[in-house]
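Peer 1: Contents of data_23.pdb (PDB, C-alpha atoms and all ligand atoms):
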MODEL        1
ATOM      1  CA  MET A  27       0.983   0.334  62.047
ATOM      2  CA  LEU A  28      -0.269  -1.218  58.792
ATOM      3  CA  ALA A  29      -3.919  -0.494  57.910
ATOM      4  CA  VAL A  30      -6.359  -0.841  55.012
ATOM      5  CA  VAL A  31      -7.636   2.676  54.391
ATOM      6  CA  LYS A  32     -10.448   4.060  52.284
ATOM      7  CA  ASP A  33      -8.618   7.279  51.576
ATOM      8  CA  LYS A  34     -10.847   8.856  48.943
ATOM      9  CA  ALA A  35     -14.428   8.850  47.660
ATOM     10  CA  ALA A  36     -13.705   6.477  44.782
ATOM     11  CA  PRO A  37     -13.277   2.716  44.191
ATOM     12  CA  GLY A  38     -10.302   0.960  45.801
ATOM     13  CA  VAL A  39      -8.377   1.202  49.073
ATOM     14  CA  VAL A  40      -4.784   1.816  50.052
ATOM     15  CA  LEU A  41      -2.559  -0.103  52.446
ATOM     16  CA  LYS A  42      -0.522   2.288  54.443
ATOM     17  CA  ASP A  43       1.302   3.055  57.619
ATOM     18  CA  VAL A  44      -0.865   5.012  60.036
ATOM     19  CA  PRO A  45      -0.372   5.991  63.689
ATOM     20  CA  LYS A  46      -1.404   3.434  66.309
ATOM     21  CA  PRO A  47      -4.780   4.602  67.679
ATOM     22  CA  ILE A  48      -5.199   5.984  71.183
ATOM     23  CA  PRO A  49      -8.347   4.874  73.045
ATOM     24  CA  GLN A  50     -10.643   7.812  73.807
ATOM     25  CA  LYS A  51     -12.782   7.941  76.928
ATOM     26  CA  ASP A  52     -14.835   4.751  77.343
ATOM     27  CA  GLU A  53     -13.000   2.958  74.574
ATOM     28  CA  VAL A  54     -10.789  -0.110  74.531
ATOM     29  CA  LEU A  55      -7.601  -0.561  72.557
ATOM     30  CA  VAL A  56      -7.211  -4.005  71.021
ATOM     31  CA  LYS A  57      -4.445  -5.769  69.165
ATOM     32  CA  VAL A  58      -6.269  -7.305  66.211
ATOM     33  CA  LYS A  59      -5.751 -11.069  66.000
ATOM     34  CA  TYR A  60      -8.004 -11.911  63.069
ATOM     35  CA  ALA A  61     -10.413  -9.933  60.904
ATOM     36  CA  SER A  62     -12.663 -11.203  58.152
ATOM     37  CA  ILE A  63     -13.919  -9.661  54.939
ATOM     38  CA  CYS A  64     -17.642  -8.949  54.727
ATOM     39  CA  GLY A  65     -19.860  -8.386  51.689
ATOM     40  CA  THR A  66     -20.183  -4.814  52.954
ATOM     41  CA  ASP A  67     -16.424  -4.405  52.503
ATOM     42  CA  ILE A  68     -16.819  -5.253  48.806
ATOM     43  CA  GLY A  69     -19.410  -2.478  48.516
ATOM     44  CA  ILE A  70     -17.014  -0.106  50.274
ATOM     45  CA  TYR A  71     -14.153  -1.180  48.035
ATOM     46  CA  ASP A  72     -16.274  -0.720  44.886
ATOM     47  CA  TRP A  73     -17.768   2.491  46.279
ATOM     48  CA  ILE A  74     -21.424   1.564  45.697
ATOM     49  CA  PRO A  75     -24.005   4.297  46.508
ATOM     50  CA  TRP A  76     -24.676   2.772  49.973
ATOM     51  CA  ALA A  77     -20.974   3.052  50.836
ATOM     52  CA  ALA A  78     -20.766   6.574  49.454
ATOM     53  CA  SER A  79     -23.603   7.641  51.732
ATOM     54  CA  HIS A  80     -22.092   6.016  54.850
ATOM     55  CA  ILE A  81     -18.322   6.624  54.634
ATOM     56  CA  HIS A  82     -16.464   9.884  54.847
ATOM     57  CA  PRO A  83     -12.871   9.139  53.847
ATOM     58  CA  SER A  84     -10.346   8.717  55.139
ATOM     59  CA  LYS A  85     -11.284   5.695  57.325
ATOM     60  CA  ILE A  86      -9.702   2.365  58.230
ATOM     61  CA  ILE A  87     -12.206  -0.248  57.036
ATOM     62  CA  GLY A  88     -13.099  -3.720  58.391
ATOM     63  CA  HIS A  89     -15.604  -4.581  61.104
ATOM     64  CA  GLU A  90     -15.572  -8.363  61.617
ATOM     65  CA  MET A  91     -12.769  -9.007  64.052
ATOM     66  CA  VAL A  92     -11.330 -10.458  67.191
ATOM     67  CA  GLY A  93      -8.563  -8.859  69.164
ATOM     68  CA  GLU A  94      -6.822  -8.910  72.496
ATOM     69  CA  VAL A  95      -7.606  -6.087  74.895
ATOM     70  CA  ILE A  96      -4.460  -4.042  75.537
ATOM     71  CA  GLU A  97      -5.904  -1.057  77.353
ATOM     72  CA  ILE A  98      -9.254   0.169  78.696
ATOM     73  CA  ASN A  99      -9.732   3.909  79.001
ATOM     74  CA  SER A 100     -12.718   4.083  81.306
ATOM     75  CA  ASP A 101     -13.664   4.323  84.941
ATOM     76  CA  LYS A 102     -16.972   2.598  84.288
ATOM     77  CA  GLU A 103     -17.423  -0.817  85.793
ATOM     78  CA  THR A 104     -16.825  -3.511  83.176
ATOM     79  CA  LYS A 105     -16.202  -7.233  83.071
ATOM     80  CA  ILE A 106     -13.753  -6.665  80.203
ATOM     81  CA  LYS A 107     -10.121  -6.991  81.273
ATOM     82  CA  PRO A 108      -6.764  -6.634  79.511
ATOM     83  CA  GLY A 109      -5.899  -9.913  77.807
ATOM     84  CA  ASP A 110      -9.528 -10.757  76.973
ATOM     85  CA  LEU A 111     -10.368 -11.721  73.416
ATOM     86  CA  VAL A 112     -13.104  -9.366  72.279
ATOM     87  CA  SER A 113     -15.097  -8.644  69.142
ATOM     88  CA  SER A 114     -16.893  -5.496  68.112
ATOM     89  CA  GLU A 115     -20.612  -5.080  67.564
ATOM     90  CA  THR A 116     -20.657  -3.056  64.340
ATOM     91  CA  HIS A 117     -23.697  -0.939  65.253
ATOM     92  CA  ILE A 118     -22.494   1.733  67.645
ATOM     93  CA  TYR A 119     -25.604   3.167  69.283
ATOM     94  CA  CYS A 120     -26.108   6.577  70.870
ATOM     95  CA  LEU A 121     -28.175   5.844  74.033
ATOM     96  CA  ASN A 122     -30.120   9.092  73.466
ATOM     97  CA  CYS A 123     -32.683   8.343  70.748
ATOM     98  CA  TYR A 124     -36.127   6.728  70.872
ATOM     99  CA  GLN A 125     -34.843   3.350  69.588
ATOM    100  CA  CYS A 126     -32.125   3.283  72.239
ATOM    101  CA  GLU A 127     -34.673   4.239  74.872
ATOM    102  CA  ILE A 128     -36.743   1.154  74.014
ATOM    103  CA  LYS A 129     -33.540  -0.969  73.908
ATOM    104  CA  ASN A 130     -33.697  -1.395  70.144
ATOM    105  CA  TYR A 131     -30.029  -0.389  70.037
ATOM    106  CA  HIS A 132     -29.143  -2.097  66.745
ATOM    107  CA  VAL A 133     -31.396   0.299  64.804
ATOM    108  CA  CYS A 134     -30.356   3.410  66.717
ATOM    109  CA  GLU A 135     -31.402   6.608  64.948
ATOM    110  CA  ASN A 136     -27.911   8.089  65.304
ATOM    111  CA  MET A 137     -25.979   4.937  64.615
ATOM    112  CA  GLN A 138     -22.319   4.995  63.761
ATOM    113  CA  LEU A 139     -20.886   1.892  62.063
ATOM    114  CA  PHE A 140     -17.557   0.368  63.080
ATOM    115  CA  GLY A 141     -15.179   0.210  60.103
ATOM    116  CA  ILE A 142     -17.574   2.353  58.079
ATOM    117  CA  GLY A 143     -18.498   5.565  59.909
ATOM    118  CA  ARG A 144     -15.433   5.299  62.136
ATOM    119  CA  ASN A 145     -12.093   3.549  61.939
ATOM    120  CA  GLY A 146     -12.323  -0.238  61.967
ATOM    121  CA  ALA A 147     -10.221  -3.353  62.276
ATOM    122  CA  PHE A 148      -8.251  -4.062  59.087
ATOM    123  CA  ALA A 149      -5.194  -2.893  60.979
ATOM    124  CA  GLU A 150      -2.769  -4.042  63.640
ATOM    125  CA  TYR A 151      -4.626  -2.164  66.373
ATOM    126  CA  ALA A 152      -8.159  -0.806  66.705
ATOM    127  CA  THR A 153     -10.192   1.099  69.255
ATOM    128  CA  ILE A 154     -13.750   0.028  70.100
ATOM    129  CA  PRO A 155     -16.303   1.829  72.266
ATOM    130  CA  LEU A 156     -16.629  -0.092  75.510
ATOM    131  CA  LYS A 157     -20.434  -0.262  75.069
ATOM    132  CA  THR A 158     -20.085  -2.229  71.794
ATOM    133  CA  THR A 159     -17.241  -4.498  72.925
ATOM    134  CA  TRP A 160     -18.230  -8.151  73.211
ATOM    135  CA  LYS A 161     -16.209 -10.409  75.493
ATOM    136  CA  ASN A 162     -15.884 -13.743  73.711
ATOM    137  CA  ASP A 163     -16.293 -17.073  75.408
ATOM    138  CA  PRO A 164     -12.677 -18.318  75.562
ATOM    139  CA  SER A 165     -13.701 -21.862  74.601
ATOM    140  CA  ILE A 166     -14.531 -20.691  71.050
ATOM    141  CA  ASP A 167     -11.779 -20.901  68.419
ATOM    142  CA  PRO A 168     -10.328 -17.366  67.986
ATOM    143  CA  GLU A 169     -10.527 -17.567  64.203
ATOM    144  CA  VAL A 170     -14.226 -18.376  64.481
ATOM    145  CA  MET A 171     -14.695 -15.403  66.830
ATOM    146  CA  SER A 172     -13.764 -13.119  63.929
ATOM    147  CA  VAL A 173     -16.552 -14.587  61.794
ATOM    148  CA  GLN A 174     -19.375 -14.624  64.332
ATOM    149  CA  GLU A 175     -20.732 -11.208  63.330
ATOM    150  CA  PRO A 176     -22.246 -12.531  60.022
ATOM    151  CA  LEU A 177     -23.481 -15.616  61.873
ATOM    152  CA  GLY A 178     -25.180 -13.145  64.209
ATOM    153  CA  ASN A 179     -26.943 -11.526  61.254
ATOM    154  CA  ALA A 180     -28.118 -14.945  60.102
ATOM    155  CA  VAL A 181     -29.264 -15.870  63.613
ATOM    156  CA  ASN A 182     -31.331 -12.692  63.820
ATOM    157  CA  VAL A 183     -32.847 -13.402  60.375
ATOM    158  CA  VAL A 184     -33.655 -17.023  61.233
ATOM    159  CA  THR A 185     -35.048 -16.108  64.666
ATOM    160  CA  LYS A 186     -37.425 -13.563  63.108
ATOM    161  CA  ALA A 187     -38.416 -16.108  60.460
ATOM    162  CA  GLU A 188     -39.481 -18.699  63.089
ATOM    163  CA  VAL A 189     -38.249 -21.629  61.027
ATOM    164  CA  LYS A 190     -39.078 -24.574  63.290
ATOM    165  CA  ASP A 191     -40.764 -27.342  61.250
ATOM    166  CA  LYS A 192     -40.971 -25.001  58.243
ATOM    167  CA  ARG A 193     -39.798 -25.354  54.651
ATOM    168  CA  VAL A 194     -37.127 -22.697  54.264
ATOM    169  CA  LEU A 195     -35.691 -21.259  51.060
ATOM    170  CA  ILE A 196     -32.473 -19.258  51.235
ATOM    171  CA  MET A 197     -31.766 -16.912  48.323
ATOM    172  CA  GLY A 198     -28.004 -16.369  48.053
ATOM    173  CA  LEU A 199     -25.228 -18.532  49.488
ATOM    174  CA  GLY A 200     -22.661 -15.920  50.311
ATOM    175  CA  PRO A 201     -21.301 -16.181  53.866
ATOM    176  CA  THR A 202     -24.453 -14.846  55.531
ATOM    177  CA  GLY A 203     -26.699 -17.070  53.395
ATOM    178  CA  LEU A 204     -24.527 -20.058  54.334
ATOM    179  CA  CYS A 205     -24.728 -19.075  58.010
ATOM    180  CA  ALA A 206     -28.514 -18.804  57.651
ATOM    181  CA  GLY A 207     -28.527 -22.455  56.565
ATOM    182  CA  GLY A 208     -26.560 -23.416  59.681
ATOM    183  CA  ALA A 209     -28.811 -21.412  61.964
ATOM    184  CA  ALA A 210     -32.012 -22.694  60.298
ATOM    185  CA  LYS A 211     -30.847 -26.280  60.758
ATOM    186  CA  ALA A 212     -29.925 -25.641  64.392
ATOM    187  CA  TYR A 213     -33.357 -24.085  64.998
ATOM    188  CA  GLY A 214     -35.253 -27.071  63.606
ATOM    189  CA  ALA A 215     -36.305 -26.188  60.056
ATOM    190  CA  LYS A 216     -38.008 -29.097  58.291
ATOM    191  CA  GLU A 217     -36.311 -28.552  54.935
ATOM    192  CA  ILE A 218     -33.615 -26.073  53.854
ATOM    193  CA  VAL A 219     -32.994 -25.270  50.203
ATOM    194  CA  GLY A 220     -30.307 -22.835  49.036
ATOM    195  CA  ILE A 221     -30.143 -20.996  45.706
ATOM    196  CA  ASN A 222     -26.976 -19.619  44.102
ATOM    197  CA  ASP A 223     -25.764 -19.406  40.518
ATOM    198  CA  GLU A 224     -22.097 -19.828  41.495
ATOM    199  CA  PRO A 225     -21.134 -23.554  41.558
ATOM    200  CA  TYR A 226     -18.342 -22.934  44.125
ATOM    201  CA  ARG A 227     -20.872 -21.602  46.623
ATOM    202  CA  ARG A 228     -23.317 -24.467  46.077
ATOM    203  CA  GLU A 229     -20.510 -26.970  46.602
ATOM    204  CA  LEU A 230     -19.440 -25.207  49.778
ATOM    205  CA  ALA A 231     -23.054 -25.185  51.007
ATOM    206  CA  ASP A 232     -23.420 -28.882  50.202
ATOM    207  CA  LYS A 233     -20.246 -29.655  52.173
ATOM    208  CA  THR A 234     -21.546 -27.947  55.316
ATOM    209  CA  GLY A 235     -24.371 -30.464  55.658
ATOM    210  CA  TRP A 236     -26.731 -27.614  56.618
ATOM    211  CA  PHE A 237     -28.770 -27.720  53.398
ATOM    212  CA  ASP A 238     -31.092 -30.474  52.166
ATOM    213  CA  ARG A 239     -30.243 -29.385  48.643
ATOM    214  CA  THR A 240     -28.896 -26.464  46.666
ATOM    215  CA  GLU A 241     -29.960 -25.324  43.215
ATOM    216  CA  GLU A 242     -28.664 -22.950  40.579
ATOM    217  CA  LYS A 243     -32.198 -21.635  40.024
ATOM    218  CA  LEU A 244     -35.534 -22.284  41.605
ATOM    219  CA  ASP A 245     -37.764 -24.339  39.339
ATOM    220  CA  PRO A 246     -41.057 -22.461  38.735
ATOM    221  CA  SER A 247     -42.909 -25.613  39.842
ATOM    222  CA  GLU A 248     -41.716 -24.681  43.363
ATOM    223  CA  TYR A 249     -43.218 -21.192  43.321
ATOM    224  CA  ASN A 250     -45.713 -20.524  46.117
ATOM    225  CA  SER A 251     -44.431 -23.467  48.126
ATOM    226  CA  TYR A 252     -42.037 -22.217  50.823
ATOM    227  CA  ASP A 253     -43.287 -21.306  54.295
ATOM    228  CA  VAL A 254     -40.338 -18.996  54.773
ATOM    229  CA  VAL A 255     -37.966 -17.298  52.325
ATOM    230  CA  LEU A 256     -34.775 -15.651  53.541
ATOM    231  CA  GLU A 257     -33.597 -13.094  50.993
ATOM    232  CA  MET A 258     -29.850 -12.953  51.656
ATOM    233  CA  SER A 259     -28.632 -12.093  48.146
ATOM    234  CA  GLY A 260     -29.563  -8.444  47.676
ATOM    235  CA  ASN A 261     -29.754  -9.357  44.016
ATOM    236  CA  ARG A 262     -32.687  -8.052  41.958
ATOM    237  CA  LEU A 263     -33.454 -11.454  40.421
ATOM    238  CA  GLY A 264     -33.058 -13.127  43.819
ATOM    239  CA  ILE A 265     -35.591 -10.726  45.323
ATOM    240  CA  GLU A 266     -38.068 -11.336  42.480
ATOM    241  CA  ILE A 267     -37.808 -15.101  42.952
ATOM    242  CA  ALA A 268     -38.148 -14.718  46.725
ATOM    243  CA  PHE A 269     -41.599 -13.151  46.236
ATOM    244  CA  GLU A 270     -42.600 -15.918  43.818
ATOM    245  CA  ALA A 271     -41.282 -18.753  45.990
ATOM    246  CA  VAL A 272     -42.962 -17.875  49.265
ATOM    247  CA  ARG A 273     -46.337 -19.499  49.750
ATOM    248  CA  ILE A 274     -49.564 -17.543  50.247
ATOM    249  CA  ALA A 275     -49.555 -16.071  53.761
ATOM    250  CA  GLY A 276     -45.909 -17.086  54.128
ATOM    251  CA  LYS A 277     -43.053 -15.066  55.543
ATOM    252  CA  LEU A 278     -40.262 -13.264  53.774
ATOM    253  CA  ILE A 279     -37.260 -11.820  55.553
ATOM    254  CA  ALA A 280     -35.230  -9.174  53.710
ATOM    255  CA  PHE A 281     -31.544  -8.975  54.560
ATOM    256  CA  GLY A 282     -29.340  -8.554  51.435
ATOM    257  CA  ILE A 283     -28.763  -4.933  50.447
ATOM    258  CA  PRO A 284     -29.394  -4.344  46.713
ATOM    259  CA  LYS A 285     -27.140  -2.118  44.638
ATOM    260  CA  GLU A 286     -30.150  -0.645  42.827
ATOM    261  CA  ASN A 287     -33.750   0.386  43.470
ATOM    262  CA  ILE A 288     -36.093  -2.597  43.474
ATOM    263  CA  SER A 289     -39.698  -2.505  42.295
ATOM    264  CA  VAL A 290     -42.308  -4.929  43.576
ATOM    265  CA  ASP A 291     -45.642  -5.984  42.060
ATOM    266  CA  TRP A 292     -47.523  -4.590  45.047
ATOM    267  CA  GLY A 293     -50.949  -6.039  44.223
ATOM    268  CA  LYS A 294     -49.722  -9.506  43.289
ATOM    269  CA  PHE A 295     -47.395  -9.996  46.254
ATOM    270  CA  MET A 296     -48.164  -7.587  49.058
ATOM    271  CA  ILE A 297     -51.974  -7.764  48.804
ATOM    272  CA  ASN A 298     -53.070 -10.971  47.100
ATOM    273  CA  LYS A 299     -50.460 -13.149  48.801
ATOM    274  CA  GLU A 300     -50.987 -11.605  52.216
ATOM    275  CA  LEU A 301     -47.313 -12.016  53.050
ATOM    276  CA  SER A 302     -45.565 -11.183  56.290
ATOM    277  CA  ILE A 303     -42.461  -9.250  55.385
ATOM    278  CA  GLU A 304     -39.813  -8.305  57.883
ATOM    279  CA  SER A 305     -36.340  -6.931  57.484
ATOM    280  CA  VAL A 306     -33.160  -7.364  59.462
ATOM    281  CA  PHE A 307     -30.331  -4.887  59.857
ATOM    282  CA  GLY A 308     -27.709  -6.372  62.114
ATOM    283  CA  ARG A 309     -27.859  -8.244  65.379
ATOM    284  CA  GLN A 310     -29.969  -7.560  68.451
ATOM    285  CA  ILE A 311     -27.674  -6.259  71.170
ATOM    286  CA  TRP A 312     -26.776  -8.466  73.023
ATOM    287  CA  LYS A 313     -29.477 -11.112  72.651
ATOM    288  CA  THR A 314     -28.242 -12.306  69.233
ATOM    289  CA  TRP A 315     -24.636 -12.520  70.473
ATOM    290  CA  HIS A 316     -25.726 -14.825  73.296
ATOM    291  CA  GLN A 317     -27.625 -17.014  70.815
ATOM    292  CA  THR A 318     -24.595 -17.094  68.515
ATOM    293  CA  THR A 319     -22.308 -18.084  71.395
ATOM    294  CA  GLU A 320     -24.646 -20.941  72.272
ATOM    295  CA  LEU A 321     -24.634 -22.232  68.663
ATOM    296  CA  LEU A 322     -20.827 -22.083  68.481
ATOM    297  CA  LYS A 323     -20.126 -23.528  71.929
ATOM    298  CA  SER A 324     -22.548 -26.394  71.527
ATOM    299  CA  GLY A 325     -21.069 -27.224  68.116
ATOM    300  CA  LYS A 326     -24.520 -26.897  66.488
ATOM    301  CA  VAL A 327     -22.880 -24.566  63.965
ATOM    302  CA  ASP A 328     -19.228 -25.091  63.047
ATOM    303  CA  LEU A 329     -18.092 -21.938  61.261
ATOM    304  CA  LYS A 330     -14.755 -23.538  60.305
ATOM    305  CA  LYS A 331     -16.745 -25.193  57.529
ATOM    306  CA  ILE A 332     -17.146 -21.873  55.731
ATOM    307  CA  ILE A 333     -13.706 -20.332  56.372
ATOM    308  CA  THR A 334     -12.033 -21.071  53.044
ATOM    309  CA  HIS A 335      -9.071 -18.680  52.828
ATOM    310  CA  HIS A 336      -6.419 -17.015  55.000
ATOM    311  CA  PHE A 337      -4.265 -14.049  54.028
ATOM    312  CA  PRO A 338      -1.823 -11.821  55.847
ATOM    313  CA  LEU A 339      -3.268  -8.303  56.079
ATOM    314  CA  LYS A 340      -0.553  -6.970  53.775
ATOM    315  CA  ASP A 341      -2.019  -9.114  50.959
ATOM    316  CA  PHE A 342      -5.431  -7.462  51.301
ATOM    317  CA  GLU A 343      -5.744  -6.717  47.558
ATOM    318  CA  GLN A 344      -5.252 -10.390  46.747
ATOM    319  CA  ALA A 345      -7.812 -11.375  49.403
ATOM    320  CA  MET A 346     -10.329  -8.866  48.028
ATOM    321  CA  ALA A 347      -9.846 -10.225  44.498
ATOM    322  CA  VAL A 348     -10.655 -13.746  45.747
ATOM    323  CA  MET A 349     -13.675 -12.422  47.665
ATOM    324  CA  LYS A 350     -14.959 -10.621  44.576
ATOM    325  CA  SER A 351     -14.522 -13.729  42.429
ATOM    326  CA  ARG A 352     -17.270 -15.284  44.623
ATOM    327  CA  LYS A 353     -15.107 -18.420  44.820
ATOM    328  CA  ALA A 354     -14.736 -18.074  48.572
ATOM    329  CA  GLY A 355     -16.574 -18.510  51.822
ATOM    330  CA  LYS A 356     -15.183 -16.411  54.653
ATOM    331  CA  ILE A 357     -11.721 -14.985  54.175
ATOM    332  CA  VAL A 358      -9.751 -14.414  57.359
ATOM    333  CA  LEU A 359      -7.029 -11.768  57.489
ATOM    334  CA  GLU A 360      -4.147 -11.785  59.921
ATOM    335  CA  PRO A 361      -2.382  -8.498  60.694
TER     336      PRO A 361
HETATM  337 ZN    ZN B 401     -20.109  -7.859  58.252
HETATM  338 ZN    ZN B 402     -29.720   5.794  69.628
ENDMDL
END
Represent the structure of the file as structure tokens.
Ligand SMILES: [Zn+2]
Ligand SMILES: [Zn+2]

Peer 2:
Amino acid sequence: MLAVVKDKAAPGVVLKDVPKPIPQKDEVLVKVKYASICGTDIGIYDWIPWAASHIHPSKIIGHEMVGEVIEINSDKETKIKPGDLVSSETHIYCLNCYQCEIKNYHVCENMQLFGIGRNGAFAEYATIPLKTTWKNDPSIDPEVMSVQEPLGNAVNVVTKAEVKDKRVLIMGLGPTGLCAGGAAKAYGAKEIVGINDEPYRRELADKTGWFDRTEEKLDPSEYNSYDVVLEMSGNRLGIEIAFEAVRIAGKLIAFGIPKENISVDWGKFMINKELSIESVFGRQIWKTWHQTTELLKSGKVDLKKIITHHFPLKDFEQAMAVMKSRKAGKIVLEP
């Protein structure tokens, strides 16, 4: 079968023919219907330090997906049946560590990441551990199912931020930043402002109707004025502005992963501003997935608004080039 493979510890990927996977014990085999490119996949492609410390080549990449269940290799009781459309929770937890014991599965101490630490879904077939297989609600558009994982990240960010009746600033309007706008609107934020220096992304955000306004830069007159700042960019400048923008005793949620070490004026921000700072790494299992399903089913968030491109899997390089140009929302691949 055709697959996108990180075959060596260096930038780039290869498209090649690999054997169809065989589901191991307590795994499901799925025929991938759609997969979408994540910001993380850019980091893997470019071989940033985070990727280098998480991937041991060779691995099939790609973690945002929907596929049809072909086979289940398990005698455990499960509601998943052949023919179901399922997605994969990227954070594969161990069930043996302290975090798993307290049901904090998404930050498992021995976590393996789908499409990163093990083979993923930019391929015709993939295997997923049964415990991280999510049965989709069949009323949701299958293409949207492949994009719900980043919406899940945004939902977890926005839930932690407690945005109801708050003024919310979103740093970065990549797909997860856009989704954060949708989730913040659905959860009753009073005002939602998005920041991005790329005009394409601001236009896309404006078209969603989720943002009250978008700006290239935050005007310094707005520093210290936002109840909540969602740092979705992972960009050094974005992070600096996030600390400036949040009001005294406000809340900052860190989500974007920077490519470099970030320094913070500890006294000015952490002490004098008395901020609440929380971070988010992934979705709560399965609470966030239920929330995401509710937003999609009810139509409160229409993810079709941010799906901007489609490519056959064989044109992965072309799709990645578009993704890296930042002139894209979500890009959906079809094997
Ligand atoms: Zn992702
Ligand atoms: Zn664990």

Peer 1: Let me have all residues with an atom within 6 Å of ligand ZN 401 (chain B), counting all atoms listed in the file, laid out as a list in words.

Peer 2: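 The residues within 6 Å of ligand ZN 401 (chain B), counting all atoms listed in the file, are Cys64, Glu90 and Pro176 of chain A.
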
Peer 1: Would you save the residues from that selection as a short mmCIF file (atom, residue, chain, number, x, y, z; two decimals), keeping the file's coordinate frame, using C-alpha atoms?

Peer 2:
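The new file part.cif reads:
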data_model
loop_
_atom_site.label_atom_id
_atom_site.label_comp_id
_atom_site.auth_asym_id
_atom_site.auth_seq_id
_atom_site.Cartn_x
_atom_site.Cartn_y
_atom_site.Cartn_z
CA CYS A 64 -17.64 -8.95 54.73
CA GLU A 90 -15.57 -8.36 61.62
CA PRO A 176 -22.25 -12.53 60.02
#

Peer 1: Could you work out how far atom CA of Ile106 of chain A lies from atom CA of Ala149 of chain A, giving the answer in Å with one decimal?

Peer 2: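 Between atom CA of Ala149 of chain A and atom CA of Ile106 of chain A the gap is 21.4 Å.
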
Peer 1: Kindly give the distance, in Å, that separates atom CA of Phe281 of chain A and atom CA of Cys123 of chain A, rounded to a single decimal.

Peer 2: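 Atom-to-atom, atom CA of Phe281 of chain A to atom CA of Cys123 of chain A, that is 23.7 Å.
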
Peer 1: The residues within 10 Å of (-29.5, -25.7, 65.2), using all atoms listed in the file and the coordinates of the file, should be reported as a ChimeraX atom specification; which are they?

Peer 2: /A:181,190,207-215,236,320-322,324-327

Peer 1: Work out how far atom CA of Tyr60 of chain A is from atom CA of Lys330 of chain A, in Å to one decimal.

Peer 2: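 One can read the atom CA of Lys330 of chain A to atom CA of Tyr60 of chain A distance as 13.7 Å.
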
Peer 1: Name the residues, by chain letter and number, that sit within 12 Å of ligand ZN 402 (chain B) using only C-alpha atoms and all ligand atoms, and give them as a short mmCIF file (atom, residue, chain, number, x, y, z; two decimals) with C-alpha atoms, in the frame of the given file.

Peer 2:
data_model
loop_
_atom_site.label_atom_id
_atom_site.label_comp_id
_atom_site.auth_asym_id
_atom_site.auth_seq_id
_atom_site.Cartn_x
_atom_site.Cartn_y
_atom_site.Cartn_z
CA HIS A 117 -23.70 -0.94 65.25
CA ILE A 118 -22.49 1.73 67.64
CA TYR A 119 -25.60 3.17 69.28
CA CYS A 120 -26.11 6.58 70.87
CA LEU A 121 -28.18 5.84 74.03
CA ASN A 122 -30.12 9.09 73.47
CA CYS A 123 -32.68 8.34 70.75
CA TYR A 124 -36.13 6.73 70.87
CA GLN A 125 -34.84 3.35 69.59
CA CYS A 126 -32.12 3.28 72.24
CA GLU A 127 -34.67 4.24 74.87
CA ILE A 128 -36.74 1.15 74.01
CA LYS A 129 -33.54 -0.97 73.91
CA ASN A 130 -33.70 -1.40 70.14
CA TYR A 131 -30.03 -0.39 70.04
CA HIS A 132 -29.14 -2.10 66.74
CA VAL A 133 -31.40 0.30 64.80
CA CYS A 134 -30.36 3.41 66.72
CA GLU A 135 -31.40 6.61 64.95
CA ASN A 136 -27.91 8.09 65.30
CA MET A 137 -25.98 4.94 64.61
CA GLN A 138 -22.32 5.00 63.76
#

Peer 1: Since I can't run it myself right now, could you work out what the PyMOL selection byres (((chain A and resi 48-52) around 10) and not hetatm) selects here and report it as a PDB file with C-alpha atoms, in the coordinates of the input?

Peer 2:
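Resulting contents of expr.pdb:
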ATOM      1  CA  PRO A  45      -0.372   5.991  63.689  1.00  0.00           C
ATOM      2  CA  LYS A  46      -1.404   3.434  66.309  1.00  0.00           C
ATOM      3  CA  PRO A  47      -4.780   4.602  67.679  1.00  0.00           C
ATOM      4  CA  GLU A  53     -13.000   2.958  74.574  1.00  0.00           C
ATOM      5  CA  VAL A  54     -10.789  -0.110  74.531  1.00  0.00           C
ATOM      6  CA  LEU A  55      -7.601  -0.561  72.557  1.00  0.00           C
ATOM      7  CA  VAL A  56      -7.211  -4.005  71.021  1.00  0.00           C
ATOM      8  CA  GLU A  97      -5.904  -1.057  77.353  1.00  0.00           C
ATOM      9  CA  ILE A  98      -9.254   0.169  78.696  1.00  0.00           C
ATOM     10  CA  ASN A  99      -9.732   3.909  79.001  1.00  0.00           C
ATOM     11  CA  SER A 100     -12.718   4.083  81.306  1.00  0.00           C
ATOM     12  CA  ASP A 101     -13.664   4.323  84.941  1.00  0.00           C
ATOM     13  CA  LYS A 102     -16.972   2.598  84.288  1.00  0.00           C
ATOM     14  CA  TYR A 151      -4.626  -2.164  66.373  1.00  0.00           C
ATOM     15  CA  ALA A 152      -8.159  -0.806  66.705  1.00  0.00           C
ATOM     16  CA  THR A 153     -10.192   1.099  69.255  1.00  0.00           C
ATOM     17  CA  ILE A 154     -13.750   0.028  70.100  1.00  0.00           C
ATOM     18  CA  PRO A 155     -16.303   1.829  72.266  1.00  0.00           C
ATOM     19  CA  LEU A 156     -16.629  -0.092  75.510  1.00  0.00           C
ATOM     20  CA  LYS A 157     -20.434  -0.262  75.069  1.00  0.00           C
TER      21      LYS A 157
END

Peer 1: Please expand the PyMOL selection byres (((chain A and resi 301) around 12) and not hetatm) into the concrete residues it hits in this file, giving the result as a list of chain:residue names.

Peer 2: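 Evaluating the PyMOL selection byres (((chain A and resi 301) around 12) and not hetatm) on these coordinates yields A:Asn250, A:Tyr252, A:Asp253, A:Val254, A:Val255, A:Ala268, A:Phe269, A:Glu270, A:Ala271, A:Val272, A:Arg273, A:Ile274, A:Ala275, A:Gly276, A:Lys277, A:Leu278, A:Ile279, A:Trp292, A:Gly293, A:Lys294, A:Phe295, A:Met296, A:Ile297, A:Asn298, A:Lys299, A:Glu300, A:Ser302, A:Ile303, A:Glu304.
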
Peer 1: So what does the PyMOL selection byres (((chain A and resi 148) around 8) and not hetatm) actually pick up in this one, as an MDAnalysis selection string?

Peer 2: chainID A and resid 29:30 61 86:89 146:147 149:150 339 359 361
